[in-house]
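K.L.:
Structure below; questions to follow.
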Amino acid sequence: MSFYRDYNDKQALQSWNQRPRQTYETIRVTPLSPALGAEVEGLDLRQALPPWQLDEVRRAQAENLVLVFRNQPVSTEQHKRFGEYFGRLHRHVSAGKRAPGGDPEVLAWKTNQASRFTAGEAWHSDVSCDPEPITTSILHLTRLPEIGGGDTAFANMYLAYESLSDSFKQFIEGLTAVHSGEEGWTNGYGDEPAPGASFTATEHPVVARHPVTGRKFLFVNRAFTSHIPQLTRAESQAVLEVLYRQVETNLGFQTRIHWTPDTLVLWDNWAVQHQAIWDYYPYERWGERISAISGARPQQ
């Protein structure tokens, strides 16, 4: 087998890396990798942001997809206030039983030696099974493992789509995929819905167009996507596996965020997938996630 690679990925990277960028007036934005991610300095998230600074943060999110804010010792309420800038706060089906005080707008977890799994240990978009999926997620780790580790990996879904062949793009455009909470939580974690309830399942386009940037992105993920209804089961499994591997194996489309105390990480939950890396066992890692919904649904 040859190690030769097609140049679709290089063409996609060229388009991404040569796109125009504007300067920032009130914040400093330092890219972490060519594919995605940037560190943002010059603001204090314990305080309310003025409109002009918030506009720059939103532009930085659109340009870099993942933003890292260091040295931000925020409270849970300050974390939530920051999340509200990006939409209505999401209420996770498991948040109330996990969060301190049972706040349904805070998804909290504690991974330790007794844990059978850690949240997000597969490539995914958060709660993509919802009819109006989360558009922005903001994660704050409240305890880090003493030995280090516990990074979060992120992948650029614009590049995942754009590096496909033209023939394959033409084939998958117009297809939809079912995203199921049962796939993500029952099959993944063994969670069951409340008595008399069921987990959400929604059809979304396999390829969607981002409402902010206008760019097409790949919108299927291994954690929540169950099948493509326009195809036979065997065809669906084969096509989805190609798309999952497109995300997982192209390291040039990815970046890893190393956590330090008082760090918040914000990401575009449509144009990005992420995975928590559980390499710190038996040590502990705790966190709280606030997520926002813009009210939009992915459209072709």
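Chains: A, B, ... in order of the structure tokens. Residues: from 1 per chain. Ligands: from 1, in order shown.
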Find the spatial neighbours of Pro145 of chain A, counting only C-alpha atoms, within a cut-off of 8 Å - ignore same-chain residues fewer than 6 positions away - and output them as a ChimeraX atom specification.
P.N.:
/A:280,283-285
K.L.:
Skip segment 162-177 of chain A itself and residues of its chain fewer than 2 positions away, then list as a ChimeraX atom specification all residues within 10 Å of it, counting only C-alpha atoms.
P.N.:
/A:6-13,15-16,157-160,179-180,202-208,215-221,224-231,236,239-240,243,246,250,253,300
K.L.:
Using only C-alpha atoms, which protein or nucleic acid residues come within 12 Å of Ala296 of chain A? Drop anything in the same chain fewer than 5 positions from it, and give the result as a PyMOL selection string.
P.N.:
chain A and resi 87-88+130-136+204+208-212+270
K.L.:
Env of Arg28 of chain A: 9 Å cut, atoms = only C-alpha atoms, seq-sep filter 4 positions within chain, self excluded. Answer as a PyMOL selection string.
P.N.:
chain A and resi 24+39-42
K.L.:
Which value, in Å to one decimal, gives the distance between atom CA of Pro104 of chain A and atom CA of Thr260 of chain A?
P.N.:
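That distance, rounded to one decimal, is 26.1 Å.
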K.L.:
Residues near segment 44-56 of chain A, anyone? I mean within 6 Å using only C-alpha atoms, not counting same-chain ones fewer than 3 positions away, as a ChimeraX atom specification.
P.N.:
/A:59,74,78
K.L.:
Neighbouring residues of Gly148 of chain A were defined as those with any atom within 9 Å, considering only C-alpha atoms; residues of the same chain fewer than 2 positions away were excluded. Please report them as JSON, numbers by chain.
P.N.:
{"A": [144, 145, 146, 150, 151, 258, 259, 279, 280]}
K.L.:
Write out the residues from the selection above, keeping C-alpha atoms, as a tab-separated table (two decimals), in the first residue's frame.
P.N.:
```
chain	number	residue	atom	x	y	z
A	144	LEU	CA	-6.83	19.29	36.66
A	145	PRO	CA	-4.94	15.99	37.04
A	146	GLU	CA	-1.73	16.44	39.01
A	150	GLY	CA	-6.53	15.68	29.96
A	151	ASP	CA	-6.12	17.75	26.79
A	258	HIS	CA	-3.58	22.00	26.92
A	259	TRP	CA	-5.45	23.01	30.05
A	279	ASP	CA	-4.78	9.81	29.56
A	280	TYR	CA	-4.55	10.76	33.26
```
K.L.:
Taking 5 positions as the minimum chain separation for residues in the same chain, which residues sit within 12 Å of Arg91 of chain A when counting only C-alpha atoms? Answer as a PyMOL selection string.
P.N.:
chain A and resi 80+96-99+102-108+126-127+130+133-134+289-293
K.L.:
Per DSSP on the backbone, filter segment 161-266 of chain A down to the residues in strand (DSSP E or B) and report them as a list in words.
P.N.:
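Here is the list: Thr176, Ala177, Val178, His179, Ser180, Ala201, Thr202, Glu203, His204, Pro205, Val207, Ala208, Arg209, Lys216, Phe217, Leu218, Thr225, Ser226, His227, Gln254, Thr255, Arg256, Ile257, Leu264, Val265 and Leu266 of chain A.
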K.L.:
With N, CA, C and O atoms retained, write the just-selected residues as a compact mmCIF listing (two decimals), in the first residue's frame.
P.N.:
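Output below, filename out-v2.txt:
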```txt
# COMPACT_ATOMS: atom_id res chain seq x y z
N THR A 176 -29.34 13.33 4.30
CA THR A 176 -29.51 13.70 5.70
C THR A 176 -29.00 12.56 6.57
O THR A 176 -28.80 11.43 6.10
N ALA A 177 -28.80 12.85 7.84
CA ALA A 177 -28.39 11.82 8.80
C ALA A 177 -29.21 11.99 10.07
O ALA A 177 -29.53 13.12 10.47
N VAL A 178 -29.55 10.88 10.69
CA VAL A 178 -30.27 10.91 11.95
C VAL A 178 -29.27 11.00 13.10
O VAL A 178 -28.33 10.20 13.18
N HIS A 179 -29.47 11.98 13.97
CA HIS A 179 -28.68 12.14 15.18
C HIS A 179 -29.57 11.78 16.36
O HIS A 179 -30.65 12.34 16.52
N SER A 180 -29.13 10.84 17.17
CA SER A 180 -29.98 10.28 18.21
C SER A 180 -29.32 10.37 19.58
O SER A 180 -28.16 9.98 19.75
N ALA A 201 -34.28 12.55 18.76
CA ALA A 201 -33.64 12.13 17.51
C ALA A 201 -34.08 13.11 16.43
O ALA A 201 -35.27 13.44 16.33
N THR A 202 -33.13 13.60 15.63
CA THR A 202 -33.40 14.62 14.64
C THR A 202 -32.60 14.32 13.38
O THR A 202 -31.45 13.87 13.46
N GLU A 203 -33.20 14.60 12.20
CA GLU A 203 -32.48 14.53 10.94
C GLU A 203 -31.86 15.88 10.63
O GLU A 203 -32.54 16.90 10.66
N HIS A 204 -30.57 15.86 10.33
CA HIS A 204 -29.85 17.06 9.91
C HIS A 204 -29.14 16.79 8.58
O HIS A 204 -28.84 15.63 8.26
N PRO A 205 -28.85 17.82 7.80
CA PRO A 205 -28.08 17.61 6.57
C PRO A 205 -26.70 17.02 6.88
O PRO A 205 -26.06 17.40 7.87
N VAL A 207 -24.21 17.59 4.93
CA VAL A 207 -23.40 18.77 4.63
C VAL A 207 -24.29 19.99 4.84
O VAL A 207 -25.36 20.09 4.22
N ALA A 208 -23.88 20.89 5.70
CA ALA A 208 -24.66 22.10 5.99
C ALA A 208 -23.83 23.33 5.67
O ALA A 208 -22.61 23.25 5.51
N ARG A 209 -24.51 24.47 5.58
CA ARG A 209 -23.84 25.74 5.32
C ARG A 209 -23.92 26.60 6.58
O ARG A 209 -25.01 26.79 7.13
N LYS A 216 -19.49 25.66 3.74
CA LYS A 216 -20.05 24.34 3.95
C LYS A 216 -19.19 23.56 4.94
O LYS A 216 -17.96 23.68 4.93
N PHE A 217 -19.86 22.76 5.76
CA PHE A 217 -19.14 21.94 6.74
C PHE A 217 -19.80 20.57 6.85
O PHE A 217 -20.97 20.40 6.51
N LEU A 218 -19.02 19.60 7.32
CA LEU A 218 -19.50 18.24 7.51
C LEU A 218 -20.21 18.14 8.86
O LEU A 218 -19.65 18.55 9.88
N THR A 225 -24.53 10.29 15.55
CA THR A 225 -25.16 9.96 14.27
C THR A 225 -25.40 8.46 14.19
O THR A 225 -24.48 7.67 14.37
N SER A 226 -26.65 8.07 13.89
CA SER A 226 -26.98 6.65 13.82
C SER A 226 -26.98 6.11 12.40
O SER A 226 -26.48 5.01 12.15
N HIS A 227 -27.55 6.88 11.43
CA HIS A 227 -27.63 6.35 10.07
C HIS A 227 -28.05 7.44 9.09
O HIS A 227 -28.53 8.51 9.50
N GLN A 254 -6.59 19.25 12.84
CA GLN A 254 -6.83 19.21 14.28
C GLN A 254 -5.87 20.10 15.06
O GLN A 254 -4.81 20.49 14.56
N THR A 255 -6.29 20.39 16.29
CA THR A 255 -5.39 21.00 17.27
C THR A 255 -5.75 20.46 18.65
O THR A 255 -6.88 19.98 18.86
N ARG A 256 -4.79 20.50 19.57
CA ARG A 256 -5.03 20.06 20.95
C ARG A 256 -4.85 21.24 21.89
O ARG A 256 -3.89 21.99 21.77
N ILE A 257 -5.79 21.36 22.82
CA ILE A 257 -5.72 22.42 23.83
C ILE A 257 -5.21 21.83 25.12
O ILE A 257 -5.79 20.87 25.66
N LEU A 264 -10.74 29.00 30.23
CA LEU A 264 -12.01 28.72 29.56
C LEU A 264 -11.71 28.49 28.08
O LEU A 264 -10.89 29.20 27.50
N VAL A 265 -12.40 27.52 27.50
CA VAL A 265 -12.28 27.26 26.06
C VAL A 265 -13.68 27.34 25.45
O VAL A 265 -14.62 26.68 25.91
N LEU A 266 -13.81 28.16 24.42
CA LEU A 266 -15.06 28.37 23.69
C LEU A 266 -14.89 27.81 22.28
O LEU A 266 -13.83 28.00 21.67
```
